[in-house]
>>> print(open('coords-v7.pdb').read())   # PDB, C-alpha atoms
ATOM      1  CA  MET A  22      24.644   3.464  10.396
ATOM      2  CA  SER A  23      26.359   0.243   9.378
ATOM      3  CA  SER A  24      26.908  -0.321   5.687
ATOM      4  CA  VAL A  25      24.839  -2.970   3.962
ATOM      5  CA  PRO A  26      25.750  -4.676   0.671
ATOM      6  CA  ASP A  27      23.785  -3.548  -2.365
ATOM      7  CA  SER A  28      22.511  -7.117  -2.680
ATOM      8  CA  CYS A  29      20.256  -6.417   0.310
ATOM      9  CA  ARG A  30      18.151  -4.281  -2.013
ATOM     10  CA  LEU A  31      17.008  -7.559  -3.566
ATOM     11  CA  ALA A  32      15.455  -8.651  -0.262
ATOM     12  CA  PRO A  33      11.974  -7.161  -0.905
ATOM     13  CA  GLY A  34      11.763  -8.759  -4.342
ATOM     14  CA  LEU A  35      12.910 -12.123  -3.041
ATOM     15  CA  LEU A  36      10.410 -11.929  -0.189
ATOM     16  CA  ILE A  37       7.494 -11.158  -2.506
ATOM     17  CA  THR A  38       8.556 -13.862  -4.971
ATOM     18  CA  PHE A  39       8.648 -16.416  -2.154
ATOM     19  CA  LEU A  40       5.282 -15.327  -0.779
ATOM     20  CA  LEU A  41       3.645 -15.571  -4.194
ATOM     21  CA  PHE A  42       4.462 -19.281  -4.184
ATOM     22  CA  LEU A  43       2.359 -19.587  -1.017
ATOM     23  CA  SER A  44      -0.796 -18.618  -2.889
ATOM     24  CA  PRO A  45      -3.246 -21.490  -3.485
ATOM     25  CA  PRO A  46      -2.647 -23.097  -6.910
ATOM     26  CA  GLY A  47      -6.235 -22.412  -7.880
ATOM     27  CA  GLN A  48      -5.662 -18.661  -7.634
ATOM     28  CA  ALA A  49      -2.935 -18.576 -10.269
ATOM     29  CA  GLN A  50      -4.659 -20.270 -13.166
ATOM     30  CA  THR A  51      -3.810 -18.934 -16.597
ATOM     31  CA  ASP A  52      -6.211 -17.640 -19.195
ATOM     32  CA  SER A  53      -5.573 -17.361 -22.903
ATOM     33  CA  LEU A  54      -4.954 -14.015 -24.546
ATOM     34  CA  SER A  55      -6.255 -15.340 -27.841
ATOM     35  CA  ASP A  56      -9.372 -13.170 -27.617
ATOM     36  CA  SER A  57      -7.356 -10.007 -27.151
ATOM     37  CA  SER A  58      -4.156  -8.638 -28.621
ATOM     38  CA  LEU A  59      -1.294  -7.810 -26.293
ATOM     39  CA  GLY A  60      -1.654  -4.099 -26.974
ATOM     40  CA  ALA A  61      -5.381  -4.186 -26.320
ATOM     41  CA  ARG A  62      -4.855  -6.027 -23.047
ATOM     42  CA  VAL A  63      -2.298  -3.473 -21.854
ATOM     43  CA  GLY A  64      -4.599  -0.644 -22.893
ATOM     44  CA  ASP A  65      -7.518  -2.198 -21.035
ATOM     45  CA  ASP A  66      -5.368  -2.597 -17.923
ATOM     46  CA  ALA A  67      -4.247   1.032 -18.097
ATOM     47  CA  LEU A  68      -7.884   2.137 -18.331
ATOM     48  CA  THR A  69      -8.773  -0.109 -15.395
ATOM     49  CA  MET A  70      -5.996   1.483 -13.332
ATOM     50  CA  LEU A  71      -7.355   4.946 -14.127
ATOM     51  CA  ARG A  72     -10.867   3.883 -13.172
ATOM     52  CA  ALA A  73      -9.604   2.343  -9.925
ATOM     53  CA  THR A  74      -7.739   5.550  -9.131
ATOM     54  CA  GLY A  75     -10.806   7.698  -9.769
ATOM     55  CA  HIS A  76     -13.013   5.405  -7.694
ATOM     56  CA  THR A  77     -10.589   5.417  -4.763
ATOM     57  CA  LEU A  78      -9.912   9.155  -4.722
ATOM     58  CA  SER A  79     -13.621   9.946  -4.957
ATOM     59  CA  GLY A  80     -14.393   7.501  -2.146
ATOM     60  CA  PRO A  81     -15.061  10.117   0.567
ATOM     61  CA  ALA A  82     -17.969  11.471  -1.507
ATOM     62  CA  ARG A  83     -19.690   8.092  -1.071
ATOM     63  CA  TRP A  84     -18.945   7.628   2.623
ATOM     64  CA  GLU A  85     -21.720   6.463   4.914
ATOM     65  CA  ALA A  86     -21.967   6.595   8.715
ATOM     66  CA  ASP A  87     -19.683   3.583   9.225
ATOM     67  CA  ASP A  88     -17.021   5.092   6.998
ATOM     68  CA  PHE A  89     -17.008   8.343   8.965
ATOM     69  CA  LEU A  90     -16.688   6.322  12.169
ATOM     70  CA  LYS A  91     -13.680   4.489  10.734
ATOM     71  CA  ALA A  92     -12.084   7.774   9.676
ATOM     72  CA  GLY A  93     -12.677   9.121  13.157
ATOM     73  CA  GLY A  94     -11.036   6.016  14.561
ATOM     74  CA  VAL A  95      -7.927   6.627  12.450
ATOM     75  CA  VAL A  96      -7.759  10.226  13.677
ATOM     76  CA  ALA A  97      -8.176   9.096  17.292
ATOM     77  CA  LEU A  98      -5.539   6.382  16.871
ATOM     78  CA  THR A  99      -3.119   8.872  15.340
ATOM     79  CA  ALA A 100      -3.738  11.353  18.156
ATOM     80  CA  GLY A 101      -3.170   8.616  20.712
ATOM     81  CA  ALA A 102       0.081   7.620  19.011
ATOM     82  CA  ALA A 103       1.190  11.269  19.080
ATOM     83  CA  LEU A 104       1.102  11.128  22.873
ATOM     84  CA  LEU A 105       3.767   8.417  22.673
ATOM     85  CA  ASP A 106       5.911  10.023  19.962
ATOM     86  CA  ARG A 107       8.688  11.235  22.238
ATOM     87  CA  ASP A 108       8.690   8.126  24.427
ATOM     88  CA  MET A 109       9.021   5.902  21.363
ATOM     89  CA  ARG A 110      11.860   8.025  20.009
ATOM     90  CA  ASP A 111      13.699   7.864  23.343
ATOM     91  CA  LEU A 112      13.171   4.095  23.515
ATOM     92  CA  LEU A 113      14.644   3.553  20.050
ATOM     93  CA  HIS A 114      17.619   5.803  20.830
ATOM     94  CA  ARG A 115      18.361   3.879  24.024
ATOM     95  CA  ASN A 116      18.303   0.531  22.269
ATOM     96  CA  ARG A 117      20.439   1.120  19.214
ATOM     97  CA  SER A 118      22.627  -1.830  18.219
ATOM     98  CA  SER A 119      24.506  -3.185  15.229
ATOM     99  CA  PHE A 120      21.755  -5.769  14.712
ATOM    100  CA  ALA A 121      19.042  -3.097  14.699
ATOM    101  CA  ASP A 122      21.182  -0.984  12.364
ATOM    102  CA  GLY A 123      21.415  -3.834   9.882
ATOM    103  CA  LEU A 124      17.704  -4.654  10.117
ATOM    104  CA  SER A 125      16.829  -1.015   9.530
ATOM    105  CA  ASP A 126      19.125  -0.737   6.519
ATOM    106  CA  ILE A 127      17.481  -3.749   4.890
ATOM    107  CA  ALA A 128      13.857  -3.077   5.857
ATOM    108  CA  VAL A 129      13.786   0.456   4.483
ATOM    109  CA  HIS A 130      14.094  -0.847   0.894
ATOM    110  CA  TYR A 131      10.676  -2.488   1.146
ATOM    111  CA  GLY A 132       9.093   0.953   1.130
ATOM    112  CA  GLU A 133      11.107   2.606  -1.646
ATOM    113  CA  GLY A 134       8.617   3.679  -4.280
ATOM    114  CA  GLY A 135      10.823   3.440  -7.369
ATOM    115  CA  PRO A 136      12.059  -0.126  -6.830
ATOM    116  CA  VAL A 137       8.577  -1.275  -5.765
ATOM    117  CA  ILE A 138       6.972   0.116  -8.941
ATOM    118  CA  ALA A 139       9.762  -1.493 -11.007
ATOM    119  CA  LEU A 140       9.107  -4.808  -9.254
ATOM    120  CA  MET A 141       5.377  -4.587  -9.963
ATOM    121  CA  ALA A 142       6.116  -3.722 -13.597
ATOM    122  CA  GLY A 143       8.284  -6.841 -13.785
ATOM    123  CA  MET A 144       5.516  -8.968 -12.271
ATOM    124  CA  TYR A 145       3.063  -7.488 -14.746
ATOM    125  CA  GLY A 146       5.373  -8.359 -17.632
ATOM    126  CA  VAL A 147       5.728 -11.938 -16.407
ATOM    127  CA  GLY A 148       1.950 -12.194 -16.106
ATOM    128  CA  LEU A 149       1.573 -11.044 -19.702
ATOM    129  CA  ALA A 150       4.327 -13.293 -21.018
ATOM    130  CA  PHE A 151       2.946 -16.420 -19.347
ATOM    131  CA  GLU A 152      -0.717 -15.451 -19.846
ATOM    132  CA  ASN A 153      -1.264 -15.524 -16.069
ATOM    133  CA  ASP A 154      -4.170 -13.170 -15.429
ATOM    134  CA  TRP A 155      -3.962 -13.468 -11.646
ATOM    135  CA  LEU A 156      -0.325 -12.347 -11.560
ATOM    136  CA  ARG A 157      -0.900  -9.590 -14.112
ATOM    137  CA  GLU A 158      -3.935  -8.237 -12.267
ATOM    138  CA  THR A 159      -2.230  -8.438  -8.878
ATOM    139  CA  ALA A 160       0.744  -6.491 -10.207
ATOM    140  CA  PHE A 161      -1.258  -3.599 -11.634
ATOM    141  CA  LEU A 162      -3.544  -3.476  -8.581
ATOM    142  CA  ALA A 163      -0.527  -3.235  -6.280
ATOM    143  CA  GLY A 164       1.055  -0.636  -8.542
ATOM    144  CA  THR A 165      -2.170   1.386  -8.544
ATOM    145  CA  ALA A 166      -2.465   1.320  -4.745
ATOM    146  CA  VAL A 167       1.186   2.307  -4.331
ATOM    147  CA  VAL A 168       0.925   5.209  -6.795
ATOM    148  CA  ILE A 169      -2.268   6.547  -5.175
ATOM    149  CA  SER A 170      -0.838   6.214  -1.666
ATOM    150  CA  ALA A 171       2.487   7.775  -2.638
ATOM    151  CA  GLY A 172       0.679  10.686  -4.275
ATOM    152  CA  LEU A 173      -1.361  11.304  -1.129
ATOM    153  CA  SER A 174       1.831  11.108   0.926
ATOM    154  CA  THR A 175       3.652  13.660  -1.222
ATOM    155  CA  ALA A 176       0.749  16.109  -1.040
ATOM    156  CA  GLY A 177       0.327  15.546   2.689
ATOM    157  CA  LYS A 178       3.973  16.207   3.465
ATOM    158  CA  PHE A 179       3.878  19.559   1.690
ATOM    159  CA  ILE A 180       0.523  20.663   3.100
ATOM    160  CA  VAL A 181       1.077  19.601   6.724
ATOM    161  CA  GLY A 182       4.749  20.558   7.047
ATOM    162  CA  ARG A 183       5.490  18.615  10.230
ATOM    163  CA  ALA A 184       9.039  18.731  11.581
ATOM    164  CA  ARG A 185      11.007  15.504  11.430
ATOM    165  CA  PRO A 186      12.371  14.143  14.716
ATOM    166  CA  TYR A 187      16.004  14.858  13.790
ATOM    167  CA  ALA A 188      15.168  18.556  13.462
ATOM    168  CA  GLU A 189      14.966  18.617  17.289
ATOM    169  CA  LEU A 190      11.915  20.903  17.240
ATOM    170  CA  GLY A 191       9.503  18.490  18.893
ATOM    171  CA  ASN A 192       6.492  16.676  17.505
ATOM    172  CA  HIS A 193       4.184  19.704  17.526
ATOM    173  CA  GLU A 194       6.148  21.931  15.160
ATOM    174  CA  PHE A 195       4.448  22.531  11.810
ATOM    175  CA  ARG A 196       5.420  24.715   8.852
ATOM    176  CA  PRO A 197       2.848  24.098   6.101
ATOM    177  CA  PHE A 198       3.966  24.363   2.473
ATOM    178  CA  SER A 199       7.652  24.316   3.422
ATOM    179  CA  ASP A 200      10.116  23.202   0.759
ATOM    180  CA  SER A 201      12.554  21.928   3.387
ATOM    181  CA  ASP A 202      12.751  18.164   3.858
ATOM    182  CA  GLU A 203      13.046  18.778   7.603
ATOM    183  CA  PHE A 204       9.326  19.588   7.560
ATOM    184  CA  HIS A 205       8.097  16.626   5.521
ATOM    185  CA  SER A 206       7.582  14.162   8.353
ATOM    186  CA  PHE A 207       3.832  13.567   8.069
ATOM    187  CA  PRO A 208       2.904  11.156   6.630
ATOM    188  CA  SER A 209       5.692   8.596   6.110
ATOM    189  CA  GLY A 210       6.133   7.870   2.403
ATOM    190  CA  HIS A 211       8.093   4.645   2.924
ATOM    191  CA  THR A 212       5.471   3.334   5.364
ATOM    192  CA  ILE A 213       2.633   4.201   2.995
ATOM    193  CA  VAL A 214       4.283   2.379   0.086
ATOM    194  CA  ALA A 215       5.155  -0.669   2.212
ATOM    195  CA  PHE A 216       1.669  -1.121   3.673
ATOM    196  CA  ALA A 217      -0.109  -0.423   0.374
ATOM    197  CA  LEU A 218       1.981  -3.121  -1.298
ATOM    198  CA  SER A 219       1.538  -5.623   1.534
ATOM    199  CA  ALA A 220      -2.209  -5.030   1.824
ATOM    200  CA  VAL A 221      -2.861  -5.646  -1.885
ATOM    201  CA  LEU A 222      -0.686  -8.752  -2.003
ATOM    202  CA  ALA A 223      -2.258 -10.131   1.183
ATOM    203  CA  GLU A 224      -5.762  -9.580  -0.212
ATOM    204  CA  ARG A 225      -4.881 -11.295  -3.480
ATOM    205  CA  ILE A 226      -2.767 -14.180  -2.160
ATOM    206  CA  LYS A 227      -5.200 -15.026   0.657
ATOM    207  CA  ASN A 228      -2.719 -17.140   2.588
ATOM    208  CA  SER A 229      -2.287 -16.622   6.334
ATOM    209  CA  TRP A 230       1.485 -17.186   6.250
ATOM    210  CA  ALA A 231       1.874 -14.757   3.382
ATOM    211  CA  THR A 232      -0.253 -12.184   5.199
ATOM    212  CA  VAL A 233       1.901 -12.424   8.319
ATOM    213  CA  GLY A 234       5.099 -12.141   6.292
ATOM    214  CA  LEU A 235       3.871  -9.214   4.212
ATOM    215  CA  TYR A 236       2.648  -7.146   7.135
ATOM    216  CA  THR A 237       5.782  -7.986   9.117
ATOM    217  CA  ALA A 238       7.890  -6.626   6.250
ATOM    218  CA  ALA A 239       5.782  -3.445   6.162
ATOM    219  CA  ALA A 240       6.025  -3.020   9.933
ATOM    220  CA  ALA A 241       9.799  -3.480   9.743
ATOM    221  CA  CYS A 242       9.953  -0.685   7.168
ATOM    222  CA  ALA A 243       7.943   1.585   9.479
ATOM    223  CA  PHE A 244      10.277   0.685  12.340
ATOM    224  CA  SER A 245      13.232   1.618  10.149
ATOM    225  CA  ARG A 246      11.854   5.090   9.491
ATOM    226  CA  MET A 247      11.426   5.743  13.218
ATOM    227  CA  TYR A 248      14.777   4.156  14.028
ATOM    228  CA  GLU A 249      16.474   6.421  11.474
ATOM    229  CA  ASP A 250      14.892   9.435  13.227
ATOM    230  CA  GLN A 251      12.986  10.348  10.061
ATOM    231  CA  HIS A 252       9.456   9.930  11.422
ATOM    232  CA  TRP A 253       7.401   9.959  14.592
ATOM    233  CA  LEU A 254       5.282   7.025  15.739
ATOM    234  CA  SER A 255       2.099   8.917  14.829
ATOM    235  CA  ASP A 256       3.436   9.481  11.297
ATOM    236  CA  VAL A 257       3.744   5.767  10.613
ATOM    237  CA  VAL A 258       0.499   4.804  12.383
ATOM    238  CA  PHE A 259      -1.515   7.213  10.225
ATOM    239  CA  SER A 260       0.377   6.178   7.086
ATOM    240  CA  ALA A 261      -0.271   2.479   7.649
ATOM    241  CA  ALA A 262      -3.997   3.029   8.222
ATOM    242  CA  VAL A 263      -4.466   5.212   5.140
ATOM    243  CA  SER A 264      -2.508   2.972   2.784
ATOM    244  CA  ILE A 265      -4.339  -0.155   3.946
ATOM    245  CA  ALA A 266      -7.657   1.625   3.331
ATOM    246  CA  VAL A 267      -6.516   2.658  -0.153
ATOM    247  CA  ALA A 268      -5.326  -0.864  -0.990
ATOM    248  CA  HIS A 269      -8.562  -2.472   0.187
ATOM    249  CA  SER A 270     -10.591   0.058  -1.806
ATOM    250  CA  VAL A 271      -8.659  -0.690  -4.996
ATOM    251  CA  VAL A 272      -8.903  -4.478  -4.634
ATOM    252  CA  ARG A 273     -12.564  -4.436  -3.558
ATOM    253  CA  TRP A 274     -13.572  -2.223  -6.492
ATOM    254  CA  PHE A 275     -11.723  -4.417  -8.978
ATOM    255  CA  GLU A 276     -13.070  -7.708  -7.669
ATOM    256  CA  GLU A 277     -16.633  -6.388  -7.511
ATOM    257  CA  SER A 278     -16.425  -4.778 -10.951
ATOM    258  CA  PHE A 279     -14.864  -7.723 -12.746
ATOM    259  CA  SER A 280     -16.456 -10.640 -10.932
ATOM    260  CA  PRO A 281     -19.190 -12.500 -12.829
ATOM    261  CA  ALA A 282     -21.803 -10.592 -10.797
ATOM    262  CA  GLY A 283     -20.133  -7.316 -11.694
ATOM    263  CA  GLU A 284     -19.857  -7.798 -15.454
ATOM    264  CA  ALA A 285     -21.779  -5.575 -17.824
ATOM    265  CA  GLY A 286     -25.150  -6.734 -19.107
ATOM    266  CA  LEU A 287     -28.448  -8.024 -17.792
ATOM    267  CA  SER A 288     -28.388 -10.038 -14.575
ATOM    268  CA  VAL A 289     -30.704 -11.260 -11.851
ATOM    269  CA  VAL A 290     -29.638 -10.216  -8.341
ATOM    270  CA  PRO A 291     -31.168 -11.546  -5.091
ATOM    271  CA  THR A 292     -32.458  -8.868  -2.688
ATOM    272  CA  GLY A 293     -34.082  -8.823   0.719
ATOM    273  CA  GLN A 294     -37.523  -8.650  -0.910
ATOM    274  CA  GLY A 295     -36.907 -11.240  -3.613
ATOM    275  CA  ILE A 296     -34.967 -10.677  -6.825
ATOM    276  CA  ALA A 297     -34.101  -7.697  -9.011
ATOM    277  CA  ILE A 298     -33.221  -7.472 -12.683
ATOM    278  CA  VAL A 299     -30.174  -5.248 -13.088
ATOM    279  CA  TRP A 300     -28.550  -3.826 -16.216
ATOM    280  CA  ARG A 301     -24.890  -2.937 -15.618
ATOM    281  CA  LEU A 302     -23.000  -0.635 -17.961
TER
END
>>> encode(input="coords-v7.pdb", output="structure tokens")
Amino acid sequence: MSSVPDSCRLAPGLLITFLLFLSPPGQAQTDSLSDSSLGARVGDDALTMLRATGHTLSGPARWEADDFLKAGGVVALTAGAALLDRDMRDLLHRNRSSFADGLSDIAVHYGEGGPVIALMAGMYGVGLAFENDWLRETAFLAGTAVVISAGLSTAGKFIVGRARPYAELGNHEFRPFSDSDEFHSFPSGHTIVAFALSAVLAERIKNSWATVGLYTAAAACAFSRMYEDQHWLSDVVFSAAVSIAVAHSVVRWFEESFSPAGEAGLSVVPTGQGIAIVWRL
């Protein structure tokens, strides 16, 4: 692969910084921290992250018929992609170029867990310093989704034990619980991190141009992992679907829990038969 300057590692951060400026001004209003000390605010955010994690991981216990249909759709889509695994690999091998090498070397950084978490921590710090609740909340929501998704990826790799393409064993070779990196193909950790990050930011920014840019960056990262012969097409398809689901779950829970209608206390809620008086804890 062609060498890329270390400065290219800044590309994901610069992209996200640019896209944040595309968010509507009304979404980034600041709120005073006068009613809460800095330490208390950080503690509350940490507790919120834990609650979001618990809610997301326990999600399957609350699934309804539609949710099972969606899960079945992901399985079917992954199985369909598996039929194209070898063709996609051959296509990428036939079309290698210096341009594609450079794109791959840059795009892969968007899905590196450590730098992404550091970037979100920096965004969180800026949100605290400038009393910008939207930025602070977006940062810890993205960080939460990335951590959950990365954890699922790490467990999945070890449990499934799928051979990576470069192992030259085919896409149906599995050695569960293997310690060898050659058998940690499924799912793709970089793809999971990239799509979890993009999905949260897209949901929070709510700007069509930002959404296109964010998902393009995530797709480029997935392309890089296939181009580098680290993952099969079905690996990245499944990873993208799971991480998007995780990100949406985290954001939806937060916005429903902390919206005016989701705040603790007594409230009147409209129903199909009239109104209901609800006490939320």
>>> atom_distance(input="coords-v7.pdb", atom1="atom CA of Asn228 of chain A", atom2="atom CA of Ala215 of chain A")
18.3 Å
>>> resolve_selection(input="coords-v7.pdb", expression="the PyMOL selection byres ((chain A and resi 95) around 12)", output="PyMOL selection string")
chain A and resi 88-94+96-102+255-266
>>> resolve_selection(input="coords-v7.pdb", expression="the PyMOL selection byres ((chain A and resi 201) around 12)", output="PyMOL selection string")
chain A and resi 178-179+182-185+188+195-200+202-206
>>> closest_residue(input="coords-v7.pdb", among="A:Ala166, A:Gly191, A:Ser58, A:Val137", to="Ser270 of chain A", atoms="only C-alpha atoms")
A:Ala166
>>> closest_residue(input="coords-v7.pdb", among="A:His211, A:His252, A:Arg107, A:His76", to="Thr175 of chain A", atoms="only C-alpha atoms")
A:His211
>>> closest_residue(input="coords-v7.pdb", among="A:Ser278, A:Thr232, A:Ser219, A:Gln251", to="Val167 of chain A", atoms="all atoms listed in the file")
A:Ser219
>>> atom_distance(input="coords-v7.pdb", atom1="atom CA of Trp274 of chain A", atom2="atom CA of Ala243 of chain A")
27.1 Å
>>> resolve_selection(input="coords-v7.pdb", expression="the PyMOL selection byres ((chain A and resi 141-150) around 8)", output="list in words")
Leu59, Val137, Ile138, Ala139, Leu140, Phe151, Glu152, Asn153, Asp154, Trp155, Leu156, Arg157, Glu158, Thr159, Ala160, Phe161, Ala163 and Gly164 of chain A
>>> residues_around(input="coords-v7.pdb", residues="Thr74 of chain A", least_positions_apart="2", cutoff="9 Å", atoms="only C-alpha atoms", output="JSON, numbers by chain")
{"A": [69, 70, 71, 72, 76, 77, 78, 79, 165, 166, 168, 169, 271]}
>>> axis_aligned_box(input="coords-v7.pdb", around="segment 160-173 of chain A", padding_each_side="4 Å", output="JSON")
{"center_x": -0.5, "center_y": 2.4, "center_z": -6.4, "size_x": 14.0, "size_y": 25.8, "size_z": 18.5}
>>> closest_residue(input="coords-v7.pdb", among="A:Ala73, A:Ala171, A:Leu113, A:Ile180", to="Glu133 of chain A", atoms="all atoms listed in the file")
A:Ala171
>>> atom_distance(input="coords-v7.pdb", atom1="atom CA of Ser245 of chain A", atom2="atom CA of Ala128 of chain A")
6.4 Å
>>> closest_residue(input="coords-v7.pdb", among="A:Phe216, A:Tyr187, A:Trp230, A:Phe120", to="Cys242 of chain A", atoms="all atoms listed in the file")
A:Phe216
